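Asker: input-v2.txt is the file, holding compact mmCIF, C-alpha atoms and all ligand atoms:
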```txt
# COMPACT_ATOMS: atom_id res chain seq x y z
CA MET X 24 0.00 0.00 0.00
CA LYS X 25 1.26 3.44 -0.97
CA VAL X 26 -0.02 6.78 0.31
CA THR X 27 0.66 10.09 -1.43
CA PHE X 28 -0.27 13.44 0.06
CA LEU X 29 -2.02 15.31 -2.75
CA GLY X 30 -2.65 18.37 -0.60
CA THR X 31 -1.88 19.33 3.00
CA GLY X 32 -3.31 22.84 3.29
CA THR X 33 -6.29 24.21 5.15
CA SER X 34 -9.44 25.38 3.36
CA GLN X 35 -8.00 28.39 1.50
CA GLY X 36 -4.78 26.61 0.51
CA ILE X 37 -1.30 28.12 0.93
CA PRO X 38 -0.48 30.68 -0.33
CA VAL X 39 -3.77 32.38 0.49
CA ILE X 40 -4.88 34.61 -2.39
CA GLY X 41 -3.60 38.16 -1.87
CA SER X 42 -1.77 37.34 1.38
CA THR X 43 1.55 38.98 2.20
CA HIS X 44 2.19 36.68 5.18
CA PRO X 45 5.82 35.45 5.00
CA VAL X 46 4.75 31.79 4.80
CA CYS X 47 2.51 32.64 1.84
CA LEU X 48 5.48 34.38 0.18
CA SER X 49 7.93 31.50 0.92
CA ASP X 50 9.91 30.02 -1.99
CA ASN X 51 10.12 26.60 -0.32
CA PRO X 52 7.85 24.19 -2.25
CA LYS X 53 7.00 22.54 1.11
CA ASP X 54 5.29 25.79 2.16
CA LYS X 55 2.89 25.56 -0.79
CA ARG X 56 -0.10 23.48 0.17
CA LEU X 57 -3.09 22.50 -1.95
CA ARG X 58 -6.36 21.55 -0.28
CA VAL X 59 -6.20 18.31 1.74
CA SER X 60 -6.43 14.96 0.06
CA VAL X 61 -4.47 11.70 -0.11
CA MET X 62 -4.14 9.09 -2.83
CA ILE X 63 -3.97 5.47 -1.72
CA THR X 64 -2.70 2.79 -4.07
CA HIS X 65 -3.44 -0.81 -3.12
CA ASN X 66 -3.03 -3.79 -5.49
CA ASP X 67 -3.09 -1.44 -8.50
CA ASN X 68 -6.32 0.15 -7.32
CA VAL X 69 -6.25 3.90 -6.81
CA TYR X 70 -8.39 5.59 -4.19
CA VAL X 71 -8.55 9.18 -3.05
CA ILE X 72 -9.85 10.53 0.22
CA ASP X 73 -11.75 13.75 -0.58
CA CYS X 74 -11.95 15.63 -3.84
CA GLY X 75 -11.42 19.32 -3.17
CA PRO X 76 -11.07 22.30 -5.51
CA ASP X 77 -7.46 21.32 -6.37
CA PHE X 78 -8.41 17.79 -7.50
CA ARG X 79 -7.62 18.42 -11.19
CA ALA X 80 -4.15 19.82 -10.46
CA GLN X 81 -3.51 16.98 -8.02
CA MET X 82 -4.39 14.30 -10.58
CA LEU X 83 -2.14 15.99 -13.15
CA ASN X 84 0.70 16.27 -10.60
CA GLN X 85 0.51 12.51 -10.00
CA ASN X 86 0.03 11.58 -13.69
CA ALA X 87 -3.06 9.68 -12.55
CA THR X 88 -4.58 7.47 -15.24
CA LYS X 89 -7.34 5.80 -13.23
CA LEU X 90 -9.49 6.33 -10.18
CA ASP X 91 -11.23 3.40 -8.50
CA ALA X 92 -13.10 5.24 -5.74
CA ILE X 93 -13.45 8.48 -3.79
CA LEU X 94 -14.05 8.36 -0.03
CA PHE X 95 -15.46 11.52 1.52
CA THR X 96 -14.70 12.66 5.06
CA HIS X 97 -17.41 15.36 5.05
CA GLU X 98 -19.17 17.84 2.80
CA HIS X 99 -17.13 21.03 3.25
CA ALA X 100 -16.13 22.64 -0.04
CA ASP X 101 -12.39 22.20 0.51
CA HIS X 102 -13.07 18.42 0.51
CA THR X 103 -15.69 18.16 -2.24
CA ALA X 104 -15.61 21.10 -4.68
CA GLY X 105 -13.55 19.25 -7.32
CA LEU X 106 -16.11 16.52 -7.98
CA ASP X 107 -16.88 17.77 -11.51
CA ASP X 108 -13.28 17.06 -12.51
CA ILE X 109 -13.77 13.28 -12.30
CA ARG X 110 -15.00 13.63 -15.91
CA PRO X 111 -11.83 12.29 -17.63
CA PHE X 112 -11.99 9.19 -15.39
CA PHE X 113 -15.73 8.80 -15.99
CA PHE X 114 -15.30 8.97 -19.78
CA LYS X 115 -12.79 6.10 -19.62
CA GLN X 116 -14.19 4.00 -16.82
CA GLY X 117 -17.90 4.76 -16.41
CA ASP X 118 -19.57 5.62 -13.09
CA ILE X 119 -16.98 6.48 -10.45
CA PRO X 120 -17.71 4.83 -7.08
CA ILE X 121 -18.03 7.29 -4.20
CA TYR X 122 -18.31 6.42 -0.52
CA ALA X 123 -19.87 8.90 1.87
CA HIS X 124 -22.18 9.40 4.83
CA GLN X 125 -25.83 9.76 3.77
CA ARG X 126 -25.79 13.43 4.83
CA VAL X 127 -22.73 14.10 2.68
CA LEU X 128 -24.38 12.45 -0.35
CA LYS X 129 -27.43 14.65 0.19
CA SER X 130 -25.22 17.72 0.20
CA LEU X 131 -23.39 16.59 -2.98
CA LYS X 132 -26.74 16.00 -4.71
CA ARG X 133 -27.80 19.54 -3.91
CA ARG X 134 -24.59 21.13 -5.15
CA PHE X 135 -23.85 18.83 -8.10
CA ASP X 136 -27.45 18.09 -9.09
CA TYR X 137 -26.48 17.50 -12.75
CA ILE X 138 -24.10 14.67 -11.74
CA PHE X 139 -26.93 12.83 -9.99
CA GLU X 140 -29.60 13.65 -12.64
CA THR X 141 -31.36 10.55 -13.97
CA GLU X 142 -33.61 12.14 -16.64
CA ASN X 143 -32.42 14.19 -19.62
CA LYS X 144 -28.92 14.17 -18.28
CA TYR X 145 -26.40 16.30 -20.16
CA PRO X 146 -24.15 13.83 -22.01
CA GLY X 147 -20.94 15.53 -20.88
CA ALA X 148 -21.81 15.30 -17.19
CA PRO X 149 -20.06 12.65 -15.12
CA SER X 150 -21.86 9.97 -13.10
CA VAL X 151 -21.05 8.33 -9.81
CA ALA X 152 -21.94 5.04 -8.15
CA GLN X 153 -23.17 5.96 -4.70
CA ASN X 154 -22.20 3.99 -1.62
CA ILE X 155 -23.62 5.11 1.72
CA ILE X 156 -21.29 4.45 4.62
CA THR X 157 -22.10 4.24 8.30
CA ASN X 158 -19.77 3.82 11.23
CA THR X 159 -19.01 0.18 10.41
CA SER X 160 -16.20 -1.37 8.39
CA PHE X 161 -16.79 -1.93 4.67
CA PHE X 162 -14.86 -3.34 1.72
CA ILE X 163 -13.84 -1.75 -1.57
CA ALA X 164 -12.91 -4.80 -3.64
CA ASP X 165 -10.93 -6.79 -1.03
CA PHE X 166 -9.68 -3.67 0.73
CA LYS X 167 -11.08 -3.26 4.24
CA VAL X 168 -11.90 0.28 5.33
CA THR X 169 -12.87 1.14 8.90
CA PRO X 170 -14.50 4.54 9.44
CA ILE X 171 -13.41 6.53 12.47
CA ASN X 172 -16.12 8.86 13.71
CA GLY X 173 -15.20 12.32 14.94
CA MET X 174 -16.62 15.79 15.43
CA HIS X 175 -15.66 18.95 13.55
CA ASN X 176 -17.27 21.34 16.05
CA ASN X 177 -20.94 20.28 15.54
CA LEU X 178 -20.45 18.42 12.29
CA GLN X 179 -19.89 14.65 12.14
CA VAL X 180 -16.77 13.70 10.14
CA PHE X 181 -15.35 10.34 9.12
CA GLY X 182 -11.68 9.43 9.22
CA PHE X 183 -10.61 6.10 7.73
CA ARG X 184 -8.35 3.24 8.79
CA MET X 185 -6.96 0.93 6.10
CA GLU X 186 -4.64 -1.82 7.33
CA ASP X 187 -2.16 -0.09 9.68
CA PHE X 188 -2.69 3.36 8.19
CA ALA X 189 -5.28 5.90 9.37
CA TYR X 190 -6.22 9.27 7.93
CA LEU X 191 -8.16 11.72 10.08
CA THR X 192 -8.77 15.32 9.12
CA ASP X 193 -11.01 18.17 10.26
CA MET X 194 -11.26 16.63 13.73
CA LYS X 195 -11.84 18.61 16.91
CA THR X 196 -13.04 15.79 19.17
CA VAL X 197 -12.78 12.02 18.88
CA ALA X 198 -14.54 9.75 21.39
CA ASP X 199 -12.50 7.18 23.30
CA GLU X 200 -14.32 4.23 21.66
CA GLU X 201 -13.24 5.57 18.26
CA ILE X 202 -9.64 5.97 19.45
CA GLU X 203 -9.80 2.24 20.33
CA LYS X 204 -10.01 1.54 16.57
CA LEU X 205 -6.62 3.22 16.10
CA LYS X 206 -4.48 0.70 17.99
CA ASN X 207 -1.18 -0.55 16.53
CA LEU X 208 -0.94 1.91 13.65
CA ASP X 209 2.21 2.23 11.58
CA VAL X 210 1.12 5.65 10.36
CA LEU X 211 -1.47 8.10 11.65
CA VAL X 212 -2.32 11.25 9.70
CA ILE X 213 -4.05 13.91 11.78
CA ASN X 214 -5.04 17.55 11.25
CA ALA X 215 -3.10 20.35 12.98
CA LEU X 216 -4.22 23.80 11.88
CA ARG X 217 -2.05 26.29 13.76
CA GLU X 218 -0.85 27.06 17.30
CA LYS X 219 -3.85 29.15 18.34
CA GLU X 220 -7.04 27.31 19.29
CA HIS X 221 -9.79 26.89 16.71
CA ILE X 222 -13.45 26.04 17.17
CA SER X 223 -13.55 23.12 14.73
CA HIS X 224 -9.94 21.95 14.15
CA PHE X 225 -7.20 20.55 16.37
CA ASN X 226 -4.45 23.06 16.95
CA LEU X 227 -0.86 21.77 17.14
CA GLU X 228 -1.04 21.06 20.89
CA GLU X 229 -4.29 19.09 20.54
CA ALA X 230 -2.94 17.12 17.58
CA LEU X 231 0.21 16.19 19.54
CA ALA X 232 -1.90 15.16 22.56
CA PHE X 233 -4.02 12.99 20.23
CA ILE X 234 -0.87 11.36 18.83
CA GLU X 235 0.28 10.66 22.41
CA LYS X 236 -3.01 8.85 23.06
CA VAL X 237 -3.03 6.84 19.82
CA LYS X 238 0.71 6.02 19.90
CA PRO X 239 1.27 5.23 16.21
CA LYS X 240 4.80 4.34 15.07
CA LYS X 241 4.82 7.54 13.01
CA ALA X 242 2.45 10.49 12.71
CA TYR X 243 2.05 13.09 9.97
CA LEU X 244 0.28 16.43 10.38
CA THR X 245 -1.98 17.84 7.67
CA HIS X 246 -4.74 20.48 7.01
CA ILE X 247 -2.15 23.11 7.83
CA SER X 248 -2.63 26.91 7.87
CA HIS X 249 0.07 29.43 7.03
CA TRP X 250 -0.33 30.55 10.67
CA LEU X 251 1.46 27.36 11.79
CA GLY X 252 4.70 28.75 10.33
CA PHE X 253 7.45 27.77 7.89
CA HIS X 254 7.65 24.03 7.18
CA GLU X 255 11.34 23.71 8.13
CA GLU X 256 10.96 25.67 11.39
CA VAL X 257 7.86 23.81 12.55
CA GLN X 258 9.42 20.43 11.72
CA GLN X 259 12.41 21.23 14.02
CA LYS X 260 10.06 21.69 16.98
CA LEU X 261 8.11 18.45 16.55
CA PRO X 262 8.65 15.37 18.73
CA GLU X 263 10.44 12.31 17.37
CA ASN X 264 8.43 10.36 14.78
CA VAL X 265 6.04 13.28 14.18
CA TYR X 266 6.35 14.96 10.80
CA LEU X 267 4.71 17.80 8.96
CA ALA X 268 3.28 16.36 5.78
CA TYR X 269 3.86 18.24 2.54
CA ASP X 270 2.35 18.05 -0.91
CA GLY X 271 3.78 15.20 -2.97
CA LEU X 272 5.13 13.24 0.02
CA THR X 273 4.76 9.49 -0.51
CA ILE X 274 4.80 6.82 2.20
CA ASN X 275 5.15 3.12 1.49
CA LEU X 276 3.46 0.84 4.00
ZN ZN C 1 -11.24 21.07 5.70
ZN ZN C 2 -14.23 20.89 7.21
```
How does this structure look as structure tokens?
Ligand SMILES: [Zn+2]
Ligand SMILES: [Zn+2]
Answerer:
Amino acid sequence: MKVTFLGTGTSQGIPVIGSTHPVCLSDNPKDKRLRVSVMITHNDNVYVIDCGPDFRAQMLNQNATKLDAILFTHEHADHTAGLDDIRPFFFKQGDIPIYAHQRVLKSLKRRFDYIFETENKYPGAPSVAQNIITNTSFFIADFKVTPINGMHNNLQVFGFRMEDFAYLTDMKTVADEEIEKLKNLDVLVINALREKEHISHFNLEEALAFIEKVKPKKAYLTHISHWLGFHEEVQQKLPENVYLAYDGLTINL
């Protein structure tokens, strides 16, 4: 199994449009962060978690030629707004399987009504195969996926465990029974927005406390704001086996 970080930035991406913040002006490619998403390759199958507004650029960056499924964490635009750009995959492969909470599917149907249209559908519009997920493990082909339930302020969000890898983003609280599902991980990915507290995202301190509880072999931080600081400086301050993710980083598991 291979995991590639397609984007590691918070909702506006880094640089933020029009910002003169030093991190937004940084020349280091690791300080440039597209909206959060990961690509998971398993037995030649390619999955992505979330499909934000940078999806097209992310697929081009990876020279992606196929897409076997999209798993959605939640409905926020930075995780869903790129859905229209599945078109090249749809033209080659047919309906693209998507996996999401019923509420997230409802939200996608409202915003991408033409994708879900069944009568007089525009021929150029893509189609998806809908799979409703609940908080129980499911299989995509022979690949077991275990949802991890969390809260993003008042909004329910799913993280996902696959084998000894788990990807959690946009979390602010995770119940102890959900943390139980994260035992014996090789790699945990968790959101860390900035140092200052935030109503719906872990800040750095909360993310590090969460890592302490879960005790994975390695942890990577994602959904990062420019307010967290320069990649190289933040990395220096992190505990052993905790890393700031960056766009394009690949992990082999
Ligand atoms: Zn987000
Ligand atoms: Zn969100």
Asker: Taking all atoms listed in the file into account, which residues are within 9 Å of ligand ZN 2 (chain C), as an MDAnalysis selection string?
Answerer: chainID X and resid 33:34 96:102 175 178 180 192:194 223:224
Asker: Excluding Leu208 in chain X and residues on its chain fewer than 4 positions from it, collect all residues at most 8 Å away from it, counting only C-alpha atoms, and give them as number ranges by chain.
Answerer: X: 187-189, 238-240
Asker: Measure the distance from CA of His65 in chain X to CA of Phe166 in chain X in Å and round it to one decimal.
Answerer: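 According to the coordinates, CA of His65 in chain X and CA of Phe166 in chain X are separated by 7.9 Å.
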Asker: Kindly assemble as a tab-separated table a list of the range 125-219 of chain X residues that lie within 12 Å of range 81-93 of chain X, each paired with its nearest atom pair and their distance in Å to one decimal, using all atoms listed in the file, sorted first by chain and then by ascending residue number.
Answerer:
```
residue	atom	partner	partner_atom	distance
X:Val151	CA	X:Ala92	CA	9.5
X:Ala152	CA	X:Ala92	CA	9.2
X:Gln153	CA	X:Ile93	CA	10.1
X:Asn154	CA	X:Ala92	CA	10.1
X:Phe162	CA	X:Ala92	CA	11.5
X:Ile163	CA	X:Ala92	CA	8.2
X:Ala164	CA	X:Asp91	CA	9.7
X:Phe166	CA	X:Ala92	CA	11.5
```
Asker: Suppose you want the space between CA of Ile234 in chain X and CA of Asp77 in chain X; what is it in Å?
Answerer: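 Separating CA of Ile234 in chain X from CA of Asp77 in chain X is a distance of 27.9 Å.
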Asker: Could you tell me which of X:Ala123, X:Val237, X:Leu216, X:Val210 comes closest to ligand ZN 1 (chain C) if we count all atoms listed in the file?
Answerer: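 So, comparing all the options, the nearest one is X:Leu216.
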Asker: With all atoms listed in the file as the basis for distance, which of X:Thr103, X:Asn176, X:Thr196, X:Thr141 is at the shortest distance from Gly75 in chain X?
Answerer: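 Nearest to Gly75 in chain X: X:Thr103.
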Asker: Which protein, DNA or RNA residues have an atom at most 12 Å from (-17.0, 6.7, -16.5), counting all atoms listed in the file? List them as a PyMOL selection string.
Answerer: chain X and resi 89-92+108-120+138+146-152
Asker: Interatomic distance between CA of Asp73 in chain X and CA of Ser60 in chain X?
Answerer: 5.5 Å
Asker: Ranking X:Phe28, X:Phe233, X:Phe183, X:Phe161 by minimum distance to Lys195 in chain X and counting all atoms listed in the file, which one comes first?
Answerer: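 Answer, going by the shortest atom-to-atom distance: X:Phe233.
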Asker: As a ChimeraX atom specification, please: the residues near Thr157 in chain X (cut-off 12 Å, all atoms listed in the file, same-chain neighbours under 5 positions excluded).
Answerer: /X:95-96,122-127,168-172,179-183
Asker: For a cut-off of 9 Å around (6.3, 17.8, 22.6), file coordinates, pick out all residues using all atoms listed in the file and list them as a PyMOL selection string.
Answerer: chain X and resi 228+231-232+260-263
Asker: Deliver the residues from the most recent selection as a file, using C-alpha atoms, as a short mmCIF file (atom, residue, chain, number, x, y, z; two decimals), keeping the file's coordinate frame.
Answerer:
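What ended up in part-v5.cif:
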```cif
data_model
loop_
_atom_site.label_atom_id
_atom_site.label_comp_id
_atom_site.auth_asym_id
_atom_site.auth_seq_id
_atom_site.Cartn_x
_atom_site.Cartn_y
_atom_site.Cartn_z
CA GLU X 228 -1.04 21.06 20.89
CA LEU X 231 0.21 16.19 19.54
CA ALA X 232 -1.90 15.16 22.56
CA LYS X 260 10.06 21.69 16.98
CA LEU X 261 8.11 18.45 16.55
CA PRO X 262 8.65 15.37 18.73
CA GLU X 263 10.44 12.31 17.37
#
```
Asker: Kindly indicate which residue among X:Leu57, X:Ala198, X:Ala230, X:Ile72 lies nearest to Asp270 in chain X, using all atoms listed in the file for the distances.
Answerer: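 Ranked by minimum distance to Asp270 in chain X, first place goes to X:Leu57.
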Asker: Can you work out which one of X:Arg58, X:Lys204, X:Lys219, X:Lys236 has the shortest atom-to-atom distance to ligand ZN 1 (chain C), counting all atoms listed in the file?
Answerer: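 The closest residue to ligand ZN 1 (chain C) is X:Arg58.
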Asker: Give me, as JSON, numbers by chain, all polymer residues having an atom no more than 9 Å from Val61 in chain X, counting only C-alpha atoms and skipping those fewer than 6 positions away in the same chain.
Answerer: {"X": [26, 27, 28, 29, 30, 31, 70, 71, 72, 73, 190]}
